[in-house]
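Step one of this worksheet: look at the structure below.
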Amino acid sequence: MARETLRLAPVSSLVASTPTSWEDVVRSAISLLSKGAQELSISVKGQEVSDGIEDYWALRLTGCQLAAVSEGARERALAPLEALGFFDEVSGGWPRVYGGVLELVLRDRPSPLVMIKEVKGVRIWAKLEWYNPLSLSIKDRTAVGLVEPVAEEVRRAGAVYEASSSNTAVALAALSRVLGFRVRAYIPATAEPFGEQMVRLLGGDVVRAGTSTTELRPIVKADAERDGAIVLNQFESYLNPLAHIRWTAKEIDHQSRVGGLRPRAVYVTMGTRGHAAGVSTYFRLRRPDVEVVGVQPSGGSSIPGLRKETSWTWGLLPPPTRVVEVSDEEAVQAGLSIARETGLLFGPSGGAAAWAAMRDADKNKEEGDYVIVVPDHGVKYLRLYLESLGA
């Protein structure tokens, strides 16, 4: 075996065609994460990938900076993830000077992790996703994850149509200014007004109709087919949870290790369930000692950005270890309570995650750390908070 042909190459230097199936890429990513290493090299001719395309995309979409490659036949590599620069893009350490907005969005990692409360020996940490610059929400990660791998296809079509409760629409509208495509956002009439306002300010089109994104999705599909636009479909595309494996989950893991946390649970909210699926997959494969808890609205409650469903939509990816329910009143109460204790105003979905974590911590019998993912800032929901105060 000509082992001298085996080498490490920057993933960014390789060129590969779009995979036949993103599901096959997900299977490759699951194998990569569970084994903690790249087992087989990627076959290349110069810089072009000739064999192992699914493995290439798995390495790229989980954020590995290097890949084991070989000229000719694939070879046994056994390259550990750490040797492939798995944590490099989420470890920070640079002076935060960027040559453009796209570089800012891709490289300004990680978002902060801050301790906000201690309950019966459990420290509760908040992952502040409003530090993402486009939509001031976790949905920047979703939007970039959906667009980046198919950017050429998006540019050729010239337009993206997408249903969104608000944040994904804003992120896509902002990204469209950088990458040169049009956005039409389909937002439920019941959503808070900031989403429509922001998309219009950024030059996008908005259709306000219906009461849910589920109701809007068939309309989006029909309109896109008529107009030749692309539907990225954050609700079903595996590129959504892959983005949260690459960034959200990996950041939490890395920050916990560097910060000396002993994470026992991570709390994720359930909307499109993209970040819930990504975080759950990562920790169940890489850190099975950490429980992932899904948070959804209780019966009769409405929490912006969250949905209550009984089925799991990401068939190849494992769901959270368990799912808990929180009422809209509890979510708002938690958001207000934390704001008055810390000065940080979470959006109601972050309030729901905080309520669930505090409720579990109150029953705690073992010290440790809980991490809650806070999707966005409460300034977008002032009407809801003021109404809860009777204003």
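Residue names in the structure tokens use chain letters A, B, ... in the order shown, residue numbers from 1 in each chain, and ligand numbers from 1 in the order shown.
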Contacts between stretch 20-28 of chain A and stretch 192-296 of chain A, please, where a residue of stretch 192-296 of chain A counts if it comes within 10 Å (with only C-alpha atoms); show its shortest atom pair and distance in Å to one decimal, rows by chain and ascending number, as CSV.
```
residue,atom,partner,partner_atom,distance
A:Ser237,CA,A:Trp22,CA,8.2
A:Tyr238,CA,A:Trp22,CA,6.7
A:Leu239,CA,A:Trp22,CA,7.7
A:Pro241,CA,A:Val26,CA,9.5
A:Leu242,CA,A:Val26,CA,7.7
```
Keeping only N, CA and C atoms, write those residues as a PDB file, in the first residue's frame.
```pdb
ATOM      1  N   SER A 237     -34.974  19.762   5.524  1.00  0.00           N
ATOM      2  CA  SER A 237     -33.618  19.626   5.005  1.00  0.00           C
ATOM      3  C   SER A 237     -32.641  19.264   6.118  1.00  0.00           C
ATOM      4  N   TYR A 238     -31.875  18.199   5.892  1.00  0.00           N
ATOM      5  CA  TYR A 238     -30.893  17.785   6.898  1.00  0.00           C
ATOM      6  C   TYR A 238     -29.747  18.794   7.040  1.00  0.00           C
ATOM      7  N   LEU A 239     -29.663  19.739   6.116  1.00  0.00           N
ATOM      8  CA  LEU A 239     -28.656  20.787   6.261  1.00  0.00           C
ATOM      9  C   LEU A 239     -28.940  21.659   7.490  1.00  0.00           C
ATOM     10  N   PRO A 241     -30.191  20.622  10.757  1.00  0.00           N
ATOM     11  CA  PRO A 241     -29.533  20.078  11.952  1.00  0.00           C
ATOM     12  C   PRO A 241     -28.027  19.926  11.806  1.00  0.00           C
ATOM     13  N   LEU A 242     -27.535  19.687  10.581  1.00  0.00           N
ATOM     14  CA  LEU A 242     -26.085  19.599  10.399  1.00  0.00           C
ATOM     15  C   LEU A 242     -25.398  20.902  10.799  1.00  0.00           C
TER      16      LEU A 242
END
```
Could you produce a table of the residues of stretch 260-356 of chain A lying within 7 Å of stretch 369-379 of chain A, with the nearest pair of atoms per residue and their separation in Å rounded to one decimal, using only C-alpha atoms, ordered by chain and increasing residue number, as CSV?
```
residue,atom,partner,partner_atom,distance
A:Leu261,CA,A:Asp369,CA,6.3
A:Arg262,CA,A:Asp369,CA,5.5
A:Pro263,CA,A:Asp369,CA,4.6
A:Arg264,CA,A:Asp369,CA,5.7
A:Ala265,CA,A:Tyr370,CA,5.0
A:Val266,CA,A:Val371,CA,4.7
A:Tyr267,CA,A:Ile372,CA,4.6
A:Val268,CA,A:Val373,CA,5.6
A:Leu345,CA,A:Gly378,CA,5.1
A:Phe346,CA,A:Gly378,CA,4.6
A:Gly347,CA,A:Gly378,CA,3.8
A:Pro348,CA,A:Gly378,CA,6.9
A:Ser349,CA,A:Pro375,CA,6.8
A:Gly350,CA,A:Val374,CA,4.3
A:Ala353,CA,A:Ile372,CA,6.0
A:Ala354,CA,A:Ile372,CA,6.4
```
Any idea what the distance is between atom CA of A:Gly145 and atom CA of A:Ile187?
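So the answer is 20.5 Å.
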From the set A:Glu196, A:Thr272, A:Glu330, A:Ser17, which residue has the shortest atom-to-atom contact distance to A:Met358, counting only C-alpha atoms?
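The closest residue to A:Met358 is A:Glu330.
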Write out as JSON, numbers by chain all residues of stretch 115-188 of chain A that DSSP puts in helix (DSSP H, G or I) for this structure's backbone.
{"A": [129, 130, 131, 139, 140, 141, 142, 143, 144, 145, 146, 147, 148, 149, 150, 151, 152, 153, 154, 155, 156, 157, 167, 168, 169, 170, 171, 172, 173, 174, 175, 176, 177, 178, 179]}
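The residue set within 8 Å of A:Ser298, counting only C-alpha atoms and dropping same-chain residues fewer than 6 places from it, reads Lys308, Glu325, Val326, Ser327 and Asp328 of chain A.
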Mind dumping the selected residues with C-alpha atoms as a PDB file, in the first residue's frame?
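Now in selection.pdb:
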```pdb
ATOM      1  CA  LYS A 308     -46.078  21.209  20.055  1.00  0.00           C
ATOM      2  CA  GLU A 325     -43.795  21.146  28.352  1.00  0.00           C
ATOM      3  CA  VAL A 326     -43.958  24.759  29.503  1.00  0.00           C
ATOM      4  CA  SER A 327     -46.902  27.172  29.356  1.00  0.00           C
ATOM      5  CA  ASP A 328     -46.697  30.567  27.714  1.00  0.00           C
TER       6      ASP A 328
END
```
Report the distance between atom CA of A:Leu134 and atom CA of A:Ala171 in Å, rounded to one decimal place.
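Here the two named atoms are 5.4 Å from each other.
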Skipping near chain neighbours, those fewer than 4 positions away, what residues fall within 9 Å of A:Lys221 using only C-alpha atoms, listed as a compact mmCIF listing (two decimals) with N, CA and C atoms, in the first residue's frame?
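Writing done, so here's part_7.txt:
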```
# COMPACT_ATOMS: atom_id res chain seq x y z
N TYR A 161 -37.79 31.08 -1.67
CA TYR A 161 -39.06 31.24 -0.99
C TYR A 161 -39.03 30.34 0.25
N GLU A 162 -39.44 30.88 1.40
CA GLU A 162 -39.36 30.08 2.62
C GLU A 162 -40.44 30.50 3.61
N LEU A 216 -48.62 27.30 5.85
CA LEU A 216 -48.04 28.05 4.74
C LEU A 216 -47.18 27.21 3.80
N ARG A 217 -46.67 26.11 4.27
CA ARG A 217 -45.69 25.36 3.48
C ARG A 217 -46.20 24.89 2.12
N GLU A 225 -42.66 26.60 -7.35
CA GLU A 225 -42.71 25.83 -8.60
C GLU A 225 -43.18 26.70 -9.75
N ARG A 226 -44.13 27.56 -9.48
CA ARG A 226 -44.65 28.47 -10.51
C ARG A 226 -43.59 29.48 -10.96
N ILE A 230 -36.28 28.57 -5.39
CA ILE A 230 -35.84 27.45 -4.56
C ILE A 230 -36.50 27.53 -3.19
N VAL A 231 -36.96 26.40 -2.68
CA VAL A 231 -37.43 26.29 -1.30
C VAL A 231 -36.35 25.55 -0.52
```
8 Å contact set for A:Phe181, only C-alpha atoms, chain neighbours under 5 positions out, as a list in words:
Val154, Arg155, Gly158, Ala159, Val160 and Ser176 of chain A
Write to file, as a compact mmCIF listing (two decimals), in the first residue's frame, the residues of the selection just made, with N, CA, C and O atoms.
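Writing the result to part.txt gives the following:
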```
# COMPACT_ATOMS: atom_id res chain seq x y z
N VAL A 154 -28.58 28.30 -5.64
CA VAL A 154 -29.41 29.43 -5.23
C VAL A 154 -29.18 30.64 -6.14
O VAL A 154 -30.12 31.31 -6.57
N ARG A 155 -27.92 30.91 -6.46
CA ARG A 155 -27.60 32.05 -7.33
C ARG A 155 -28.23 31.86 -8.73
O ARG A 155 -28.74 32.80 -9.33
N GLY A 158 -31.91 32.43 -8.43
CA GLY A 158 -32.10 33.87 -8.21
C GLY A 158 -33.07 34.23 -7.11
O GLY A 158 -33.16 35.40 -6.73
N ALA A 159 -33.83 33.24 -6.59
CA ALA A 159 -34.82 33.56 -5.57
C ALA A 159 -35.01 32.38 -4.64
O ALA A 159 -34.99 31.22 -5.06
N VAL A 160 -35.22 32.68 -3.36
CA VAL A 160 -35.54 31.69 -2.34
C VAL A 160 -36.88 32.05 -1.73
O VAL A 160 -37.10 33.21 -1.34
N SER A 176 -29.24 37.24 1.72
CA SER A 176 -29.48 37.49 0.30
C SER A 176 -28.79 38.76 -0.18
O SER A 176 -28.40 38.87 -1.35
```
Calculated over only C-alpha atoms, which of the candidates A:Ala73, A:Val170, A:Val279, A:Cys64 has the smallest distance to A:Ile42?
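Using only C-alpha atoms, the shortest distance to A:Ile42 belongs to A:Ala73.
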